[in-house]
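Text of structure25.txt, listed as compact mmCIF, N, CA and C atoms:
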# COMPACT_ATOMS: atom_id res chain seq x y z
N MET A 27 0.85 -1.17 0.00
CA MET A 27 0.00 0.00 0.00
C MET A 27 0.90 1.24 0.00
N THR A 28 0.56 2.19 -0.82
CA THR A 28 1.35 3.42 -0.90
C THR A 28 0.89 4.40 0.19
N GLU A 29 1.67 5.45 0.37
CA GLU A 29 1.35 6.46 1.37
C GLU A 29 0.01 7.11 1.03
N ARG A 30 -0.18 7.41 -0.25
CA ARG A 30 -1.42 8.07 -0.68
C ARG A 30 -2.63 7.18 -0.42
N GLU A 31 -2.53 5.88 -0.70
CA GLU A 31 -3.65 4.96 -0.46
C GLU A 31 -3.96 4.88 1.03
N ALA A 32 -2.92 4.80 1.86
CA ALA A 32 -3.14 4.72 3.30
C ALA A 32 -3.83 5.98 3.82
N LEU A 33 -3.39 7.14 3.34
CA LEU A 33 -4.03 8.39 3.77
C LEU A 33 -5.46 8.49 3.26
N GLN A 34 -5.71 8.00 2.04
CA GLN A 34 -7.07 8.00 1.50
C GLN A 34 -7.98 7.12 2.34
N ASN A 35 -7.48 5.94 2.74
CA ASN A 35 -8.26 5.05 3.60
C ASN A 35 -8.53 5.70 4.96
N ALA A 36 -7.54 6.41 5.51
CA ALA A 36 -7.73 7.10 6.78
C ALA A 36 -8.79 8.19 6.65
N ALA A 37 -8.77 8.91 5.54
CA ALA A 37 -9.78 9.96 5.31
C ALA A 37 -11.18 9.34 5.19
N ASP A 38 -11.27 8.20 4.51
CA ASP A 38 -12.57 7.52 4.39
C ASP A 38 -13.09 7.11 5.77
N GLU A 39 -12.19 6.57 6.60
CA GLU A 39 -12.61 6.17 7.94
C GLU A 39 -13.02 7.38 8.78
N ALA A 40 -12.32 8.48 8.61
CA ALA A 40 -12.68 9.70 9.35
C ALA A 40 -14.07 10.17 8.93
N ARG A 41 -14.37 10.07 7.64
CA ARG A 41 -15.72 10.45 7.18
C ARG A 41 -16.79 9.54 7.78
N LYS A 42 -16.48 8.23 7.86
CA LYS A 42 -17.43 7.30 8.48
C LYS A 42 -17.63 7.64 9.95
N ALA A 43 -16.54 7.99 10.64
CA ALA A 43 -16.65 8.37 12.06
C ALA A 43 -17.47 9.65 12.21
N ALA A 44 -17.30 10.58 11.29
CA ALA A 44 -18.07 11.83 11.35
C ALA A 44 -19.56 11.54 11.15
N ARG A 45 -19.86 10.66 10.20
CA ARG A 45 -21.27 10.29 9.98
C ARG A 45 -21.84 9.62 11.23
N ALA A 46 -21.06 8.73 11.83
CA ALA A 46 -21.50 8.06 13.06
C ALA A 46 -21.66 9.09 14.19
N GLY A 47 -20.82 10.10 14.19
CA GLY A 47 -20.93 11.16 15.20
C GLY A 47 -22.23 11.94 15.07
N ARG A 48 -22.60 12.21 13.83
CA ARG A 48 -23.88 12.91 13.63
C ARG A 48 -25.06 12.04 14.09
N GLU A 49 -24.97 10.72 13.80
CA GLU A 49 -26.02 9.81 14.26
C GLU A 49 -26.02 9.74 15.79
N PHE A 50 -24.83 9.75 16.38
CA PHE A 50 -24.69 9.73 17.84
C PHE A 50 -25.37 10.95 18.46
N ALA A 51 -25.16 12.11 17.85
CA ALA A 51 -25.78 13.34 18.35
C ALA A 51 -27.30 13.23 18.30
N GLY A 52 -27.82 12.66 17.22
CA GLY A 52 -29.27 12.48 17.10
C GLY A 52 -29.80 11.53 18.17
N LEU A 53 -29.06 10.46 18.43
CA LEU A 53 -29.49 9.51 19.47
C LEU A 53 -29.48 10.16 20.85
N LEU A 54 -28.46 10.97 21.12
CA LEU A 54 -28.41 11.67 22.41
C LEU A 54 -29.57 12.65 22.56
N ASP A 55 -29.93 13.29 21.47
CA ASP A 55 -31.05 14.23 21.51
C ASP A 55 -32.34 13.49 21.84
N GLU A 56 -32.56 12.36 21.18
CA GLU A 56 -33.76 11.55 21.45
C GLU A 56 -33.74 11.02 22.89
N TYR A 57 -32.57 10.60 23.33
CA TYR A 57 -32.43 10.10 24.71
C TYR A 57 -32.83 11.18 25.71
N ALA A 58 -32.34 12.39 25.49
CA ALA A 58 -32.67 13.49 26.40
C ALA A 58 -34.17 13.78 26.38
N LYS A 59 -34.79 13.69 25.22
CA LYS A 59 -36.22 13.98 25.10
C LYS A 59 -37.04 12.95 25.89
N PHE A 60 -36.69 11.65 25.73
CA PHE A 60 -37.47 10.62 26.41
C PHE A 60 -37.10 10.48 27.88
N LEU A 61 -35.91 10.93 28.25
CA LEU A 61 -35.47 10.85 29.63
C LEU A 61 -36.34 11.71 30.54
N MET A 62 -36.81 12.81 30.04
CA MET A 62 -37.61 13.74 30.83
C MET A 62 -39.07 13.28 30.98
N GLN A 63 -39.47 12.25 30.25
CA GLN A 63 -40.85 11.77 30.34
C GLN A 63 -40.87 10.44 31.10
N PRO A 64 -41.45 10.41 32.27
CA PRO A 64 -41.42 9.19 33.11
C PRO A 64 -42.06 7.97 32.44
N ASN A 65 -43.06 8.16 31.59
CA ASN A 65 -43.73 7.03 30.95
C ASN A 65 -42.87 6.39 29.85
N TRP A 66 -41.86 7.10 29.38
CA TRP A 66 -41.02 6.61 28.27
C TRP A 66 -39.61 6.24 28.73
N ARG A 67 -39.46 5.87 29.99
CA ARG A 67 -38.14 5.56 30.54
C ARG A 67 -37.49 4.37 29.81
N GLN A 68 -38.28 3.37 29.44
CA GLN A 68 -37.72 2.19 28.74
C GLN A 68 -37.17 2.60 27.37
N ARG A 69 -37.91 3.46 26.68
CA ARG A 69 -37.44 3.94 25.38
C ARG A 69 -36.16 4.75 25.54
N ALA A 70 -36.05 5.53 26.60
CA ALA A 70 -34.84 6.29 26.88
C ALA A 70 -33.65 5.35 27.08
N ASP A 71 -33.89 4.24 27.77
CA ASP A 71 -32.81 3.25 27.98
C ASP A 71 -32.36 2.64 26.64
N GLU A 72 -33.30 2.41 25.73
CA GLU A 72 -32.94 1.88 24.41
C GLU A 72 -32.06 2.88 23.64
N TYR A 73 -32.44 4.16 23.70
CA TYR A 73 -31.63 5.18 23.04
C TYR A 73 -30.24 5.29 23.69
N HIS A 74 -30.21 5.11 25.00
CA HIS A 74 -28.93 5.16 25.72
C HIS A 74 -28.01 4.04 25.21
N ARG A 75 -28.54 2.81 25.10
CA ARG A 75 -27.75 1.68 24.60
C ARG A 75 -27.31 1.92 23.15
N SER A 76 -28.21 2.44 22.34
CA SER A 76 -27.86 2.73 20.94
C SER A 76 -26.77 3.79 20.85
N ALA A 77 -26.87 4.80 21.72
CA ALA A 77 -25.86 5.86 21.71
C ALA A 77 -24.50 5.30 22.13
N LEU A 78 -24.47 4.43 23.13
CA LEU A 78 -23.21 3.81 23.55
C LEU A 78 -22.61 2.95 22.43
N ASN A 79 -23.46 2.21 21.73
CA ASN A 79 -22.97 1.40 20.60
C ASN A 79 -22.39 2.30 19.51
N LYS A 80 -23.08 3.39 19.23
CA LYS A 80 -22.60 4.33 18.20
C LYS A 80 -21.28 4.96 18.64
N LEU A 81 -21.14 5.24 19.93
CA LEU A 81 -19.90 5.80 20.45
C LEU A 81 -18.74 4.81 20.27
N ASN A 82 -19.02 3.52 20.45
CA ASN A 82 -17.99 2.49 20.21
C ASN A 82 -17.58 2.46 18.74
N VAL A 83 -18.55 2.63 17.85
CA VAL A 83 -18.24 2.67 16.41
C VAL A 83 -17.33 3.86 16.10
N ILE A 84 -17.63 5.00 16.70
CA ILE A 84 -16.81 6.20 16.49
C ILE A 84 -15.39 5.98 16.99
N ASN A 85 -15.26 5.42 18.21
CA ASN A 85 -13.93 5.17 18.78
C ASN A 85 -13.13 4.19 17.92
N ASP A 86 -13.78 3.13 17.45
CA ASP A 86 -13.09 2.16 16.59
C ASP A 86 -12.64 2.81 15.29
N GLY A 87 -13.50 3.64 14.72
CA GLY A 87 -13.15 4.33 13.47
C GLY A 87 -11.97 5.27 13.65
N LEU A 88 -11.95 6.01 14.75
CA LEU A 88 -10.84 6.92 15.01
C LEU A 88 -9.54 6.17 15.28
N ALA A 89 -9.63 5.03 15.96
CA ALA A 89 -8.43 4.22 16.20
C ALA A 89 -7.88 3.68 14.88
N LEU A 90 -8.78 3.27 13.98
CA LEU A 90 -8.35 2.79 12.67
C LEU A 90 -7.70 3.92 11.87
N CYS A 91 -8.27 5.12 11.95
CA CYS A 91 -7.66 6.28 11.28
C CYS A 91 -6.24 6.49 11.76
N GLN A 92 -6.05 6.45 13.07
CA GLN A 92 -4.72 6.67 13.64
C GLN A 92 -3.74 5.60 13.15
N ARG A 93 -4.19 4.35 13.13
CA ARG A 93 -3.32 3.26 12.67
C ARG A 93 -2.95 3.45 11.20
N LEU A 94 -3.90 3.86 10.37
CA LEU A 94 -3.62 4.08 8.95
C LEU A 94 -2.67 5.25 8.74
N ILE A 95 -2.80 6.29 9.54
CA ILE A 95 -1.89 7.44 9.43
C ILE A 95 -0.47 7.02 9.81
N GLU A 96 -0.34 6.23 10.88
CA GLU A 96 0.99 5.74 11.27
C GLU A 96 1.58 4.85 10.18
N GLU A 97 0.74 4.03 9.57
CA GLU A 97 1.19 3.15 8.49
C GLU A 97 1.66 3.97 7.29
N SER A 98 0.94 5.05 6.99
CA SER A 98 1.35 5.88 5.86
C SER A 98 2.70 6.55 6.13
N ALA A 99 2.94 6.92 7.39
CA ALA A 99 4.24 7.51 7.74
C ALA A 99 5.36 6.49 7.57
N GLU A 100 5.09 5.24 7.94
CA GLU A 100 6.10 4.18 7.76
C GLU A 100 6.36 3.95 6.27
N VAL A 101 5.30 3.94 5.47
CA VAL A 101 5.45 3.73 4.03
C VAL A 101 6.24 4.89 3.43
N ALA A 102 5.96 6.11 3.87
CA ALA A 102 6.67 7.28 3.35
C ALA A 102 8.16 7.20 3.70
N ALA A 103 8.46 6.78 4.92
CA ALA A 103 9.86 6.65 5.32
C ALA A 103 10.56 5.57 4.49
N ALA A 104 9.87 4.46 4.27
CA ALA A 104 10.46 3.38 3.46
C ALA A 104 10.66 3.83 2.02
N ASP A 105 9.69 4.59 1.50
CA ASP A 105 9.81 5.09 0.12
C ASP A 105 10.97 6.06 -0.01
N SER A 106 11.15 6.93 0.99
CA SER A 106 12.25 7.89 0.90
C SER A 106 13.60 7.18 0.98
N LYS A 107 13.69 6.13 1.80
CA LYS A 107 14.93 5.35 1.86
C LYS A 107 15.19 4.66 0.53
N LYS A 108 14.12 4.12 -0.06
CA LYS A 108 14.26 3.42 -1.34
C LYS A 108 14.67 4.40 -2.44
N ARG A 109 14.05 5.59 -2.46
CA ARG A 109 14.41 6.60 -3.46
C ARG A 109 15.86 7.04 -3.29
N GLU A 110 16.29 7.19 -2.05
CA GLU A 110 17.66 7.62 -1.79
C GLU A 110 18.65 6.56 -2.26
N SER A 111 18.35 5.29 -2.02
CA SER A 111 19.25 4.23 -2.48
C SER A 111 19.28 4.16 -4.00
N LEU A 112 18.13 4.36 -4.65
CA LEU A 112 18.09 4.37 -6.11
C LEU A 112 18.87 5.56 -6.66
N ARG A 113 18.77 6.71 -6.00
CA ARG A 113 19.50 7.89 -6.44
C ARG A 113 21.00 7.67 -6.30
N GLN A 114 21.41 7.05 -5.19
CA GLN A 114 22.82 6.77 -4.99
C GLN A 114 23.33 5.79 -6.05
N ALA A 115 22.52 4.78 -6.37
CA ALA A 115 22.91 3.81 -7.39
C ALA A 115 23.04 4.49 -8.75
N ALA A 116 22.11 5.38 -9.05
CA ALA A 116 22.16 6.10 -10.33
C ALA A 116 23.39 7.00 -10.39
N LEU A 117 23.71 7.68 -9.30
CA LEU A 117 24.90 8.54 -9.27
C LEU A 117 26.17 7.71 -9.44
N THR A 118 26.21 6.55 -8.82
CA THR A 118 27.37 5.67 -8.96
C THR A 118 27.50 5.19 -10.40
N GLU A 119 26.38 4.84 -11.00
CA GLU A 119 26.40 4.38 -12.39
C GLU A 119 26.86 5.49 -13.33
N VAL A 120 26.38 6.70 -13.09
CA VAL A 120 26.77 7.84 -13.93
C VAL A 120 28.26 8.11 -13.78
N SER A 121 28.76 8.07 -12.55
CA SER A 121 30.19 8.33 -12.35
C SER A 121 31.04 7.24 -12.99
N GLU A 122 30.57 5.99 -12.95
CA GLU A 122 31.31 4.91 -13.61
C GLU A 122 31.32 5.12 -15.12
N LYS A 123 30.21 5.56 -15.68
CA LYS A 123 30.16 5.83 -17.12
C LYS A 123 31.10 6.97 -17.48
N GLU A 124 31.15 8.00 -16.62
CA GLU A 124 32.05 9.13 -16.89
C GLU A 124 33.50 8.67 -16.88
N VAL A 125 33.86 7.82 -15.93
CA VAL A 125 35.23 7.30 -15.87
C VAL A 125 35.53 6.49 -17.12
N HIS A 126 34.58 5.69 -17.55
CA HIS A 126 34.77 4.87 -18.75
C HIS A 126 34.94 5.77 -19.98
N LEU A 127 34.12 6.83 -20.07
CA LEU A 127 34.23 7.76 -21.19
C LEU A 127 35.59 8.46 -21.18
N GLU A 128 36.05 8.85 -20.00
CA GLU A 128 37.35 9.50 -19.90
C GLU A 128 38.46 8.56 -20.36
N GLU A 129 38.34 7.28 -20.02
CA GLU A 129 39.33 6.30 -20.46
C GLU A 129 39.30 6.16 -21.99
N MET A 130 38.10 6.15 -22.56
CA MET A 130 37.99 6.03 -24.02
C MET A 130 38.59 7.26 -24.70
N VAL A 131 38.34 8.44 -24.16
CA VAL A 131 38.89 9.66 -24.73
C VAL A 131 40.41 9.64 -24.64
N ALA A 132 40.95 9.18 -23.53
CA ALA A 132 42.40 9.09 -23.36
C ALA A 132 43.00 8.12 -24.38
N GLU A 133 42.34 6.99 -24.63
CA GLU A 133 42.84 6.02 -25.62
C GLU A 133 42.81 6.63 -27.02
N LYS A 134 41.76 7.38 -27.35
CA LYS A 134 41.67 8.00 -28.66
C LYS A 134 42.75 9.05 -28.85
N GLU A 135 43.04 9.79 -27.78
CA GLU A 135 44.10 10.79 -27.87
C GLU A 135 45.44 10.14 -28.15
N GLU A 136 45.65 8.97 -27.55
CA GLU A 136 46.89 8.24 -27.80
C GLU A 136 46.96 7.81 -29.26
N VAL A 137 45.83 7.38 -29.80
CA VAL A 137 45.80 6.95 -31.20
C VAL A 137 46.10 8.13 -32.11
N VAL A 138 45.58 9.29 -31.81
CA VAL A 138 45.81 10.48 -32.63
C VAL A 138 47.29 10.83 -32.63
N VAL A 139 47.93 10.71 -31.54
CA VAL A 139 49.35 11.03 -31.44
C VAL A 139 50.19 10.02 -32.24
N GLU A 140 49.77 8.80 -32.37
CA GLU A 140 50.55 7.76 -33.02
C GLU A 140 50.40 7.74 -34.54
N LYS A 141 49.64 8.65 -35.15
CA LYS A 141 49.47 8.67 -36.60
C LYS A 141 50.83 8.95 -37.27
N PRO A 142 51.09 8.29 -38.39
CA PRO A 142 52.36 8.53 -39.09
C PRO A 142 52.35 9.92 -39.74
N PRO A 143 53.53 10.50 -39.93
CA PRO A 143 53.58 11.83 -40.55
C PRO A 143 53.12 11.76 -42.01
N ARG A 144 52.58 12.84 -42.51
CA ARG A 144 52.07 12.88 -43.89
C ARG A 144 53.24 12.92 -44.87
N ARG A 145 53.05 12.26 -45.98
CA ARG A 145 54.08 12.29 -47.03
C ARG A 145 53.80 13.45 -47.97
N SER A 146 54.85 14.04 -48.44
CA SER A 146 54.66 15.12 -49.39
C SER A 146 54.50 14.53 -50.79
N ILE A 147 53.62 15.09 -51.56
CA ILE A 147 53.35 14.61 -52.92
C ILE A 147 53.59 15.77 -53.87
N ARG A 148 54.30 15.44 -54.99
CA ARG A 148 54.56 16.45 -56.00
C ARG A 148 53.66 16.21 -57.18
N ILE A 149 52.96 17.23 -57.61
CA ILE A 149 52.05 17.13 -58.74
C ILE A 149 52.69 17.91 -59.89
N ALA A 150 52.86 17.21 -61.01
CA ALA A 150 53.48 17.86 -62.18
C ALA A 150 52.48 17.82 -63.32
N LYS A 151 52.50 18.87 -64.14
CA LYS A 151 51.63 18.93 -65.30
C LYS A 151 52.31 18.23 -66.47
N LYS A 152 51.49 17.58 -67.24
CA LYS A 152 52.03 16.96 -68.45
C LYS A 152 52.10 18.01 -69.55
N ALA A 153 53.08 17.87 -70.35
CA ALA A 153 53.22 18.81 -71.46
C ALA A 153 52.23 18.45 -72.56
N VAL A 154 51.55 19.43 -73.03
CA VAL A 154 50.55 19.22 -74.07
C VAL A 154 51.21 19.53 -75.42
N GLY A 155 51.09 18.71 -76.32
CA GLY A 155 51.48 19.12 -77.60
C GLY A 155 52.40 18.53 -78.44
For the file at hand, write its structure as C-alpha cells.
Amino acid sequence: MTEREALQNAADEARKAARAGREFAGLLDEYAKFLMQPNWRQRADEYHRSALNKLNVINDGLALCQRLIEESAEVAAADSKKRESLRQAALTEVSEKEVHLEEMVAEKEEVVVEKPPRRSIRIAKKAVG
C-alpha cells in the first residue's frame, strides 16, 4: 500500500466516524427527550444503549484512522529510503560511465598522437602538344 492509499483510507474512515458522530448526536437528543418523560423511561434506555454502541463505532473508526496514518508515515519513510538508495545507485552508475568515457577519450588521444607523418606529394603537369 502506498502512502497516498493509506491516507485516503484514513480519510474515508474519518468520514465514516463523522457520519456516526452525527447519528450519535441524534441519538443523544432523542435520549434526552425521552429521559424527561417518566412514561417513556424504557425507550430512553434503548436510546442510551444505541448511543453507547454508536460511540464504540466512532472510537473504533478513530483508532483505525490513527493506525492508517501511522502506516502511511512508515510507508513514506520506506519510500524515501528506497528513493535515496536508487539515487545513490544512479549517481554511482553515472560516475562509472564518466570514468569509462574518460578512459575512451584518453585512448583515442593516444591513437591520434601515433598517426604517421604525412608524405609530401609532387604534382606535375604533363606537357601538351
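Using all atoms listed in the file, the smallest distance between any of A:Val83, A:Pro64, A:Val125, A:Leu33 and A:Ile95 comes from A:Leu33.
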Give, as AutoDock Vina command-line options, the centre coordinates and the x, y and z edge lengths in Å to one decimal for an axis-aligned box around all listed atoms of stretch 39-51 of chain A, padded by 8 Å on each side.
--center_x -19.7 --center_y 9.8 --center_z 12.5 --size_x 31.1 --size_y 23.2 --size_z 27.9
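Separating atom C of A:Glu72 from atom N of A:Leu54 is a distance of 9.2 Å.
Minimum atom-to-atom distance to A:Tyr57, evaluated using only C-alpha atoms, belongs to A:Arg75 out of A:Arg45, A:Arg75, A:Glu31, A:Glu129.
You will find atom N of A:Glu119 at 19.0 Å from atom C of A:Asp105.
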- Query: Within 6.5 Å of (0.8, 6.1, 5.6), all atoms listed in the file: residues as a VMD selection string?
  - Reply: chain A and resid 28 to 30 32 to 33 94 to 102
